[in-house]
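Asker: Have a look at the structure that comes next, please.
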Amino acid sequence: MTPVQRRVLVVAILASFVSFLDGTVVNVALPAIADELAGTGDALALQQWVVDAYLITLGALILVAGSVSDVHGRRRVLWWGLVGFGLASVLCALAPTGIVLVVARGLQGVAGALLVPSSLAMIISTFTGPRQGRAIGTWTAWTGTAMIVGPLVGGLLVDTVGWRWVFGINVAPIALTLWLLRGVAPDGAGAGRRIDVRGAVLAAVGLAGPVFALIESERWGWGSPVVLAPLVVGIAASVAFVAWERRAPDPMLPLRLFAVRNFAVGNVATAAVYGALAFGSFAVTLFVQQVAGYSATAAGLALLPVTVLMLLLSGRFGALAGTHGPRWFMGIGPIVAGVGYLLMLGTTADADYWTQLLPGVVVFGLGLSATVAPLTAAILGSIPSGDAGIGSAVNNAVSRIAGLVTVALAGIVMGSTLDVDGFHRGLWLTAALLVVGGLVSCVGISDAQVDDATSAAASDT
């Protein structure tokens, strides 16, 4: 690895780390946030909105952000995202009400949309061949350390000085990344490309409407105009979005990319796997605190083995997939991860960690470690490097939107008041999604050379 490649990899890891760190910190802090800012009976709804406000803007704008990075240069867009994310984090920390916090989280999502596609696209454009698979695996492993730092530090902060400080921990990695970014040479801008503003607006409305309906249906009922109106508008906007993307001169979602088999199938698998990952971690974190009585710090430690295993094994699995092909790693890994969640079905109200949770957590971690790096490499390695920004944006949008939808389903699946039976229903849903992701990969992913898929994508432009 050359010094330039090493610096690009470090910058990409740190920039993505900020986004992943925020998600893990917030899950641990949700009960404390609800205790201070939620009204009577509104705790679960506020917790869902604190998660989903971020995911709505992130999922809607991450696509157009990929185009922005290709048009204006990945280094410049990364700088914008880092500064914006830092400012929004400060606003979250100072939020006086639940509404202000939700709005601030939405602004965080706007800035976060600029981070992941730009950083991952920098890796794709800097590394080639087997080194690209190993670099992606390293990126996956080290960004996964946010799952260690976030819950641990976040839990300690919640238990000591309060939940507001969990947003302040973003400042240090942002400052370090901005300093390192000065040493990365600016990349070329994409001449002639335009930003798909209409597509971005339609995508945002198409996501926000149905998500609002899913979260608020428990309170208002499905027959209420408060629920039906945004649901209908959101569905209409989603249909209009697809129609517009088919004829847009420079679409934020280039449908031609889905002509590449691994790209199309891999994104279906991504939706299932990452939807399960978001819902499962949300359910476990809330259950162990609100039902089993864990402290925020103990809740942060509960999923620690998953991140340790990813840190140790993701790079290795990424390299193996680069040599042997991603199909069976993507197929077997999610199924093993699903078995891990099924092993937690014996959990009772006291949630004994060592006998009821840990075995399932370890098995889930092994399966996830075998899945993530091969999945990312298979999808992004199948498209031309010139589409790296938008390709990574599409994949990240799929993962975030999947998490957005599954978390919005929490009240419907688990009930407005979380209990053991509701938690078990959540475990079944998580396991089912993981198994679906594995089966889709087994059937649809091809181990053919990336060059073949790249040629198919190029010929379709």
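Labels for the structure tokens follow display order: chains A, B, ..., residues from 1 in each chain, ligands from 1.
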Which region 231-336 of chain A residues have any atom within 12 Å of an atom of region 50-57 of chain A, and for each, what is the nearest pair of atoms with distance in Å to one decimal, counting only C-alpha atoms, rows sorted by chain and number, as CSV?
Answerer:
residue,atom,partner,partner_atom,distance
A:Gly275,CA,A:Leu55,CA,11.9
A:Ala278,CA,A:Val51,CA,9.9
A:Phe279,CA,A:Val51,CA,10.9
A:Ser281,CA,A:Val51,CA,11.9
A:Phe282,CA,A:Val51,CA,9.2
Asker: Produce a table with one row for each residue of region 335-442 of chain A that has an atom at most 12 Å from any atom of region 13-26 of chain A, each row naming the nearest atom pair and its distance in Å at one decimal; use only C-alpha atoms; arrange rows by chain and rising residue number; format as a tab-separated table.
Answerer:
residue	atom	partner	partner_atom	distance
A:Asn396	CA	A:Ser16	CA	11.2
A:Arg400	CA	A:Gly23	CA	10.8
A:Gly403	CA	A:Gly23	CA	11.1
A:Leu404	CA	A:Gly23	CA	11.9
Asker: Using only C-alpha atoms, which residue out of A:Met330, A:Ala410, A:Leu61, A:Ala104 lies closest to Ala272 (chain A)?
Answerer: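 That would be A:Met330, the residue with the smallest distance to Ala272 (chain A).
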Asker: What is the CA of Arg198 (chain A)-CA of Val71 (chain A) distance in Å, reported with one decimal?
Answerer: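 Interatomic distance, CA of Arg198 (chain A) to CA of Val71 (chain A): 16.8 Å.
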Asker: Quick one: of A:Val158, A:Met252, A:Val336, A:Val361, who's nearest to Val306 (chain A), counting only C-alpha atoms?
Answerer: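 Nearest candidate to Val306 (chain A) out of A:Val158, A:Met252, A:Val336, A:Val361: A:Val361.
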Asker: Which value, in Å to one decimal, gives the distance between CA of Gln290 (chain A) and CA of Ala208 (chain A)?
Answerer: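 Here the two named atoms are 27.6 Å from each other.
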Asker: Could you list, as a list in words, every residue within 9 Å of Asp350 (chain A), counting only C-alpha atoms and ignoring same-chain residues fewer than 5 positions away?
Answerer: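 Answer for this query is Val288, Val291, Ala292 and Gly293 of chain A.
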Asker: Would you put the residues from that selection into a file with C-alpha atoms, as a short mmCIF file (atom, residue, chain, number, x, y, z; two decimals), in the first residue's frame?
Answerer:
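Just written: result-v6.cif:
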data_model
loop_
_atom_site.label_atom_id
_atom_site.label_comp_id
_atom_site.auth_asym_id
_atom_site.auth_seq_id
_atom_site.Cartn_x
_atom_site.Cartn_y
_atom_site.Cartn_z
CA VAL A 288 -32.36 -4.73 27.98
CA VAL A 291 -37.57 -4.32 30.50
CA ALA A 292 -34.50 -6.05 31.94
CA GLY A 293 -33.27 -2.94 33.77
#
Asker: Which one of A:Trp163, A:Phe317, A:Phe212, A:Phe287 sits closest to Ala93 (chain A) if you count only C-alpha atoms?
Answerer: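 That would be A:Trp163, the residue with the smallest distance to Ala93 (chain A).
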Asker: One decimal, Å: what's the distance from CA of Val110 (chain A) over to CA of Leu58 (chain A), could you say?
Answerer: 5.6 Å
Asker: Find the spatial neighbours of region 115-129 of chain A, counting only C-alpha atoms, within a cut-off of 9 Å - ignore same-chain residues fewer than 4 positions away - and output them as a PyMOL selection string.
Answerer: chain A and resi 4-5+8-9+11-19+62-63+65-66+69-70+73-75+77-82+85+111+133+135-136+139+322+380-381+385-396
Asker: Counting only C-alpha atoms, which of A:Val284, A:Ala302, A:Leu101, A:Val64 gets nearest to Ala34 (chain A)?
Answerer: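 Ranking A:Val284, A:Ala302, A:Leu101, A:Val64 by distance to Ala34 (chain A), first place goes to A:Leu101.
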Asker: For Leu107 (chain A), which residue among A:Ala269, A:Ser217, A:Leu439, A:Cys92 is the nearest when counting only C-alpha atoms?
Answerer: A:Cys92
Asker: Tell me, which residues of region 294-457 of chain A carry DSSP alpha helix (DSSP H), written as a ChimeraX atom specification?
Answerer: /A:296-302,304-324,327-342,358-380,388-408,410-414,420-444,450-457
Asker: Give the answer as one residue: which of A:Leu257, A:Leu434, A:Ala60, A:Arg131 has the shortest atom-to-atom distance to Thr2 (chain A), using only C-alpha atoms?
Answerer: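 The answer is A:Arg131, which sits nearest to Thr2 (chain A).
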Asker: Fewer than 5 positions away in the same chain doesn't count, so skip those; otherwise give me all residues within 7 Å of Gly206 (chain A), counting only C-alpha atoms, as a count of residues only.
Answerer: 4
Asker: Tell me, as a list in words, which residues lie within 9 Å of Ala378 (chain A), counting only C-alpha atoms; anything in the same chain fewer than 2 positions away does not count.
Answerer: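 Non-adjacent residues within range: Gly133, Asn262, Phe263, Gly266, Ala321, Gly322, Gly325, Pro326, Arg327, Ala373, Pro374, Leu375, Thr376, Leu380, Gly381, Ser382, Ile445, Ser446, Asp447 and Val450 of chain A.
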